[in-house]
Amino acid sequence: MSANLLDRLLRGALPDPDGPGALSVATRRVVIEAGLIDAADTLVAGLDLGARVAVVTDRTLRSVAGARVAQALRRAGDVIETIIDEAAPHADDRTVEFVRQASAAASGLIAVGAGTLNDLCKYAAHLDGKPYAVFGTAPSMNGYVSPNASITVSGHKKTLAATAPRGAFLDLDVLAQAPVRMIRAGLGDSLCRPTAQADWLMSHLLLGRPYREAPFMLLREDEPALFAQAGKLVAGDRAAIAVLARTLVLSGFGTAICGGSYPASQAEHLISHYVDMRGGDLPETFHGEQIGVTTLAVVRLQHALLAQDALRPLSATLSQDDLAARLGPELASACWPEFSRKEAARADYGAWPEIRRRIAAIAQPVEILSRALEQAGAPRSHRELGWPDALYRAALRNARLIRDRYTCLDLAADVGLLDAFDPS
Ligand SMILES: [Zn+2]
């Protein structure tokens with residue numbers, strides 16, 4: 001059923017639930033099936049990538065899939081194999097320049113990899129005005145088809161405009177063999193649909209911010225099976241992996257359609273970003289592993305808010321000095337312009353009974369989300385991620401200070417529920 005929905009989206013035949021006309025995306029072809037790698041030449045035919053494509057991969061992923069993609073493409077034309085000679089490259093400005101130089105003679109780029117390779121290629125393609133396509137190697141994140149890239153520039157992680165892929169090909173044989181933590185990460189990043197939708201809808205109803213149904217309509221059909229059958233993901237079940245892969249692709253299209261990460265990144269992502277910024281020397285974890293854990297905390301906080309019959313806002317607001325006391329002077333002055341805009345927004349608390357009813361209708365019980373992570377063997381507590389208690393407490397309390405996005409963390413702070421909140 002949802003395969004059909006994806007198909008209709010790509011054909012421009014899916015009505016927009018938020019207004020007139022049909023939804024449209026820049027990507028022309030998405031295929032999620034077994035056995036795609038050796039058919040790369042026929043899959044990219046018609047995508048107008050030009051006569052000489054660069055197949056961009058790294059040392060590890062070349063042996064997983066990159067070499068076979070290049071071999072198949074040679075049947076159709078010239079191929080430049082661009083191998084980042086590292087086992088685990090980073091999506092940073094230095095590596096972007098390497099990809100651009102190594103692929104300078106190519107007419108189009110084809111990434112073979114997951115988040116890092118995809119970000120590098122879509123950003124390099126954007127800078128050089130070239131088309132690109134991607135063969136995904138892990139169902140680990142929702143960025144395969146999104147039109148932006150997460151790149152570290154001069155040591156700072158940034159979200160930058162990039163080229164959307166003309167084609168995205170997710171070979172289930174390859175995806176099922178991905179490292180199990182990457183599969184769990186894809187589940188974790190998909191878990192935040194209920195929390196992100198609740199936060200976004202709440203900011204719409206409380207503050208009049210724009211909101212769209214379309215991204216959630218795209219995810220609705222697959223979500224029950226994804227959450228209920230999470231254990232099958234790590235058992236290599238191709239059908240379960242296909243549901244996850246489709247969810248990640250449709251989530252990426254949702255952000256593309258909205259022109260921003262709103263439907264897939266709210267309070268649970270702010271907490272994770274806070275830890276990335278302030279955590280220091282922590283064990284390596286995947287983004288999606290973090291989001292699984294932070295989503296459980298946020299869904300508990302949202303249910304604590306939904307339990308309130310009426311909201312009584314505190315009158316206290318934070319000053320720049322308060323921010324400096326919590327974040328240090330440097331980060332506080334960087335965050336103050338965005339945060340002060342949020343503080344200035346006054347919410348319509350009188351509408352709470354109606355808001356509460358609407359949010360309750362899209363929420364998920366914490367048990368369903370927690371069980372999905374448990375079945376997949378994914379982390380469910382900050383301690384499993386190696387995050388100290390004090391850091392996590394500070395992240396829950398202060399993550400709302402780093403961006404202007406108004407989430408349940410702000411609402412909970414405004415009504416005095418945040419400081420005493422216990423996520424366990
Ligand atoms: Zn995410």
# chains A, B, ... in the order shown; residues from 1 in each chain; ligands from 1
$ closest_atom_pairs --of "chain A" --to "ligand 1" --cutoff "7 Å" --atoms "only C-alpha atoms and all ligand atoms" --output "Markdown table"
| residue | atom | partner | partner_atom_place_in_ligand_line | distance |
| --- | --- | --- | --- | --- |
| A:Met141 | CA | ligand 1 | 1 (Zn) | 6.8 |
| A:Asn142 | CA | ligand 1 | 1 (Zn) | 6.9 |
| A:Asp189 | CA | ligand 1 | 1 (Zn) | 5.0 |
| A:Ala264 | CA | ligand 1 | 1 (Zn) | 6.4 |
| A:Ser265 | CA | ligand 1 | 1 (Zn) | 6.1 |
| A:His269 | CA | ligand 1 | 1 (Zn) | 6.5 |
| A:His287 | CA | ligand 1 | 1 (Zn) | 6.5 |
| A:Gly288 | CA | ligand 1 | 1 (Zn) | 6.2 |
| A:Ile291 | CA | ligand 1 | 1 (Zn) | 6.7 |
$ write_last_selection --atoms "all heavy atoms" --output "CSV table (one decimal), in the first residue's frame"
chain,number,residue,atom,x,y,z
A,141,MET,N,19.4,6.5,8.5
A,141,MET,CA,19.0,8.0,8.7
A,141,MET,C,18.1,8.4,7.6
A,141,MET,O,17.9,7.7,6.6
A,141,MET,CB,20.3,8.8,8.7
A,141,MET,CG,21.3,8.6,7.6
A,141,MET,SD,20.9,9.6,6.1
A,141,MET,CE,21.2,8.5,4.8
A,142,ASN,N,17.4,9.5,7.8
A,142,ASN,CA,16.3,9.9,6.8
A,142,ASN,C,16.8,11.0,5.8
A,142,ASN,O,16.0,11.7,5.2
A,142,ASN,CB,15.1,10.4,7.6
A,142,ASN,CG,15.4,11.6,8.5
A,142,ASN,OD1,16.5,12.2,8.4
A,142,ASN,ND2,14.5,12.1,9.2
A,189,ASP,N,15.7,7.1,14.7
A,189,ASP,CA,15.4,8.3,14.0
A,189,ASP,C,14.0,8.4,13.5
A,189,ASP,O,13.4,9.4,13.3
A,189,ASP,CB,16.4,8.6,12.9
A,189,ASP,CG,16.7,10.1,12.6
A,189,ASP,OD1,16.3,10.9,13.5
A,189,ASP,OD2,17.2,10.4,11.6
A,264,ALA,N,10.5,16.3,11.4
A,264,ALA,CA,11.3,15.2,11.8
A,264,ALA,C,12.4,15.6,12.9
A,264,ALA,O,13.3,14.9,13.2
A,264,ALA,CB,12.1,14.6,10.6
A,265,SER,N,12.2,16.8,13.4
A,265,SER,CA,13.2,17.3,14.3
A,265,SER,C,12.6,18.4,15.3
A,265,SER,O,12.5,19.5,14.8
A,265,SER,CB,14.4,17.9,13.5
A,265,SER,OG,15.3,18.6,14.4
A,269,HIS,N,15.3,16.2,19.1
A,269,HIS,CA,16.6,16.5,18.4
A,269,HIS,C,17.3,17.6,19.1
A,269,HIS,O,18.6,17.6,19.1
A,269,HIS,CB,16.3,16.9,16.9
A,269,HIS,CG,16.2,15.7,16.0
A,269,HIS,ND1,15.1,14.8,16.1
A,269,HIS,CD2,17.0,15.2,15.0
A,269,HIS,CE1,15.3,13.8,15.2
A,269,HIS,NE2,16.4,14.1,14.5
A,287,HIS,N,23.5,9.1,15.5
A,287,HIS,CA,22.5,10.1,15.7
A,287,HIS,C,21.1,9.4,16.0
A,287,HIS,O,20.5,9.8,17.0
A,287,HIS,CB,22.3,10.9,14.4
A,287,HIS,CG,21.1,11.7,14.3
A,287,HIS,ND1,20.9,12.9,15.1
A,287,HIS,CD2,19.9,11.5,13.7
A,287,HIS,CE1,19.7,13.4,14.8
A,287,HIS,NE2,19.0,12.6,14.0
A,288,GLY,N,20.8,8.4,15.3
A,288,GLY,CA,19.5,7.7,15.5
A,288,GLY,C,19.4,6.9,16.8
A,288,GLY,O,18.4,6.8,17.4
A,291,ILE,N,18.5,9.6,19.2
A,291,ILE,CA,17.1,10.1,19.0
A,291,ILE,C,16.1,9.1,19.6
A,291,ILE,O,15.1,9.5,20.2
A,291,ILE,CB,16.8,10.4,17.6
A,291,ILE,CG1,17.7,11.5,17.0
A,291,ILE,CG2,15.3,10.7,17.4
A,291,ILE,CD1,17.6,12.8,17.8
$ select_by_dssp --residues "region 194-254 of chain A" --states "alpha helix (DSSP H)" --output "MDAnalysis selection string"
chainID A and resid 194:207 214:220 223:228 230:233 238:254
$ closest_residue --among "A:Gly77, A:Pro337, A:Gly292, A:Gly328" --to "Thr195 (chain A)" --atoms "only C-alpha atoms"
A:Gly292
$ select_by_dssp --residues "region 126-208 of chain A" --states "strand (DSSP E or B)" --output "VMD selection string"
chain A and resid 132 to 136 148 to 153 156 to 161 167 to 171
$ residues_around --residues "Cys121 (chain A)" --least-positions-apart "6" --cutoff "8 Å" --atoms "only C-alpha atoms" --output "list in words"
Val56, Val96, Val99, Leu109, Ile110, Ala111 and Tyr132 of chain A
$ residues_around --residues "region 395-406 of chain A" --least-positions-apart "5" --cutoff "6 Å" --atoms "only C-alpha atoms" --output "list in words"
Leu270, Ile271, Tyr274, Cys335, Glu338, Phe339 and Lys342 of chain A
$ residues_around --residues "Gly46 (chain A)" --least-positions-apart "2" --cutoff "10 Å" --atoms "only C-alpha atoms" --output "list of chain:residue names"
A:Arg28, A:Arg29, A:Asp41, A:Thr42, A:Leu43, A:Val44, A:Asp48, A:Leu49, A:Gly50, A:Arg166, A:Gly167
$ closest_residue --among "A:Gly252, A:Pro194, A:Gly115, A:Gly208" --to "Ala91 (chain A)" --atoms "only C-alpha atoms"
A:Gly115
$ residues_around --residues "Leu206 (chain A)" --least-positions-apart "4" --cutoff "12 Å" --atoms "only C-alpha atoms" --output "list in words"
Ala198, Asp199, Trp200, Leu201, Met202, Pro210, Tyr211, Leu311, Ala345, Arg346, Ala347, Asp348, Tyr349, Gly350, Ala351, Trp352, Pro353, Glu354, Ile355, Arg356, Arg358, Ile359, Tyr406, Thr407, Cys408, Asp410 and Leu411 of chain A
$ closest_atom_pairs --of "region 80-163 of chain A" --to "region 276-282 of chain A" --cutoff "12 Å" --atoms "only C-alpha atoms" --output "CSV"
residue,atom,partner,partner_atom,distance
A:Gly155,CA,A:Met277,CA,11.3
A:His156,CA,A:Met277,CA,9.5
A:Lys157,CA,A:Met277,CA,9.4
$ write_last_selection --atoms "N, CA and C atoms" --output "mmCIF file, in the first residue's frame"
data_model
loop_
_atom_site.group_PDB
_atom_site.id
_atom_site.type_symbol
_atom_site.label_atom_id
_atom_site.label_comp_id
_atom_site.auth_asym_id
_atom_site.auth_seq_id
_atom_site.Cartn_x
_atom_site.Cartn_y
_atom_site.Cartn_z
ATOM 1 N N GLY A 155 35.220 23.049 11.686
ATOM 2 C CA GLY A 155 34.954 22.477 13.005
ATOM 3 C C GLY A 155 33.529 22.629 13.509
ATOM 4 N N HIS A 156 32.666 23.369 12.777
ATOM 5 C CA HIS A 156 31.280 23.546 13.216
ATOM 6 C C HIS A 156 30.323 22.808 12.292
ATOM 7 N N LYS A 157 29.456 21.991 12.882
ATOM 8 C CA LYS A 157 28.495 21.225 12.096
ATOM 9 C C LYS A 157 27.390 22.146 11.588
#
$ residues_around --residues "Gln320 (chain A)" --least-positions-apart "4" --cutoff "7 Å" --atoms "only C-alpha atoms" --output "VMD selection string"
chain A and resid 324 332 336
$ closest_residue --among "A:Ser203, A:Ser272, A:Thr57, A:Ser424" --to "Val69 (chain A)" --atoms "only C-alpha atoms"
A:Thr57
$ atom_distance --atom1 "CA of Gly12 (chain A)" --atom2 "CA of Ser261 (chain A)"
21.5 Å
$ atom_distance --atom1 "CA of Val243 (chain A)" --atom2 "CA of Ala228 (chain A)"
11.4 Å
$ closest_atom_pairs --of "region 96-203 of chain A" --to "region 212-226 of chain A" --cutoff "9 Å" --atoms "only C-alpha atoms" --output "JSON lines"
{"residue": "A:Leu187", "atom": "CA", "partner": "A:Leu226", "partner_atom": "CA", "distance": 8.1}
{"residue": "A:Ser190", "atom": "CA", "partner": "A:Glu223", "partner_atom": "CA", "distance": 8.7}
{"residue": "A:Leu191", "atom": "CA", "partner": "A:Glu223", "partner_atom": "CA", "distance": 8.9}
{"residue": "A:Arg193", "atom": "CA", "partner": "A:Phe216", "partner_atom": "CA", "distance": 7.7}
{"residue": "A:Gln197", "atom": "CA", "partner": "A:Phe216", "partner_atom": "CA", "distance": 7.7}
{"residue": "A:Trp200", "atom": "CA", "partner": "A:Arg212", "partner_atom": "CA", "distance": 8.9}
{"residue": "A:Leu201", "atom": "CA", "partner": "A:Arg212", "partner_atom": "CA", "distance": 8.5}
$ write_last_selection --atoms "C-alpha atoms" --output "compact mmCIF listing (two decimals), in the first residue's frame"
# COMPACT_ATOMS: atom_id res chain seq x y z
CA LEU A 187 14.59 2.88 13.76
CA SER A 190 11.99 7.12 12.81
CA LEU A 191 10.65 6.87 16.34
CA ARG A 193 7.34 11.05 14.35
CA GLN A 197 4.35 16.05 15.15
CA TRP A 200 5.05 21.12 15.72
CA LEU A 201 1.26 21.01 15.98
$ closest_residue --among "A:Pro139, A:Gly108, A:Pro329, A:Gly236" --to "Met182 (chain A)" --atoms "only C-alpha atoms"
A:Pro139
$ atom_distance --atom1 "CA of Leu117 (chain A)" --atom2 "CA of Arg100 (chain A)"
12.8 Å
$ decode --residues "region 205-290 of chain A" --atoms "C-alpha atoms" --output "tab-separated table (two decimals), in the first residue's frame"
chain	number	residue	atom	x	y	z
A	205	LEU	CA	-1.98	25.92	17.83
A	206	LEU	CA	-0.32	27.89	20.65
A	207	LEU	CA	1.69	30.40	18.65
A	208	GLY	CA	0.19	30.37	15.17
A	209	ARG	CA	3.34	28.96	13.53
A	210	PRO	CA	2.89	27.27	10.11
A	211	TYR	CA	2.15	23.52	10.15
A	212	ARG	CA	1.56	20.82	7.53
A	213	GLU	CA	-0.16	17.44	7.52
A	214	ALA	CA	1.54	16.18	4.35
A	215	PRO	CA	4.73	14.75	5.93
A	216	PHE	CA	2.72	12.73	8.44
A	217	MET	CA	0.28	11.47	5.84
A	218	LEU	CA	3.32	9.98	4.05
A	219	LEU	CA	4.37	8.03	7.16
A	220	ARG	CA	1.02	6.92	8.51
A	221	GLU	CA	0.58	3.61	6.69
A	222	ASP	CA	3.99	2.12	7.51
A	223	GLU	CA	4.39	3.25	11.11
A	224	PRO	CA	2.31	0.59	12.93
A	225	ALA	CA	4.19	-2.26	11.23
A	226	LEU	CA	7.55	-0.55	11.75
A	227	PHE	CA	7.02	-0.14	15.48
A	228	ALA	CA	5.33	-3.51	16.04
A	229	GLN	CA	7.89	-5.56	14.11
A	230	ALA	CA	11.09	-3.82	15.17
A	231	GLY	CA	12.62	-7.13	16.26
A	232	LYS	CA	12.55	-8.39	12.68
A	233	LEU	CA	14.80	-5.52	11.56
A	234	VAL	CA	17.79	-6.90	13.37
A	235	ALA	CA	17.00	-10.48	12.27
A	236	GLY	CA	17.66	-9.50	8.65
A	237	ASP	CA	13.99	-9.72	7.59
A	238	ARG	CA	13.86	-8.12	4.11
A	239	ALA	CA	10.19	-7.10	4.40
A	240	ALA	CA	10.80	-5.33	7.73
A	241	ILE	CA	13.92	-3.61	6.34
A	242	ALA	CA	11.85	-2.44	3.35
A	243	VAL	CA	9.31	-0.81	5.70
A	244	LEU	CA	12.12	0.99	7.55
A	245	ALA	CA	13.83	2.07	4.31
A	246	ARG	CA	10.55	3.42	2.93
A	247	THR	CA	9.84	5.27	6.19
A	248	LEU	CA	13.27	6.93	6.06
A	249	VAL	CA	12.81	7.93	2.42
A	250	LEU	CA	9.31	9.29	3.01
A	251	SER	CA	10.52	11.17	6.10
A	252	GLY	CA	13.19	12.80	3.92
A	253	PHE	CA	10.56	13.74	1.35
A	254	GLY	CA	8.44	15.18	4.18
A	255	THR	CA	11.20	17.60	5.15
A	256	ALA	CA	11.80	18.44	1.48
A	257	ILE	CA	8.10	19.22	0.99
A	258	CYS	CA	7.99	21.44	4.12
A	259	GLY	CA	11.22	23.24	3.27
A	260	GLY	CA	12.58	22.52	6.73
A	261	SER	CA	13.20	19.80	9.28
A	262	TYR	CA	10.07	20.61	11.34
A	263	PRO	CA	8.27	17.26	10.84
A	264	ALA	CA	11.34	15.20	11.82
A	265	SER	CA	13.23	17.34	14.34
A	266	GLN	CA	11.81	18.95	17.45
A	267	ALA	CA	12.50	18.62	21.20
A	268	GLU	CA	14.06	15.15	20.90
A	269	HIS	CA	16.56	16.52	18.35
A	270	LEU	CA	17.35	19.64	20.41
A	271	ILE	CA	18.36	17.44	23.35
A	272	SER	CA	20.62	15.36	21.10
A	273	HIS	CA	22.15	18.51	19.55
A	274	TYR	CA	22.78	19.94	23.01
A	275	VAL	CA	24.72	16.81	23.96
A	276	ASP	CA	26.66	16.94	20.67
A	277	MET	CA	27.61	20.55	21.43
A	278	ARG	CA	28.26	20.31	25.16
A	279	GLY	CA	28.95	16.65	25.87
A	280	GLY	CA	32.71	16.72	25.37
A	281	ASP	CA	34.48	13.39	25.12
A	282	LEU	CA	31.66	10.82	25.02
A	283	PRO	CA	31.55	7.33	23.46
A	284	GLU	CA	30.71	7.40	19.70
A	285	THR	CA	26.99	6.95	19.12
A	286	PHE	CA	24.87	7.18	15.99
A	287	HIS	CA	22.46	10.08	15.67
A	288	GLY	CA	19.49	7.70	15.51
A	289	GLU	CA	20.60	5.83	18.65
A	290	GLN	CA	20.50	9.16	20.49
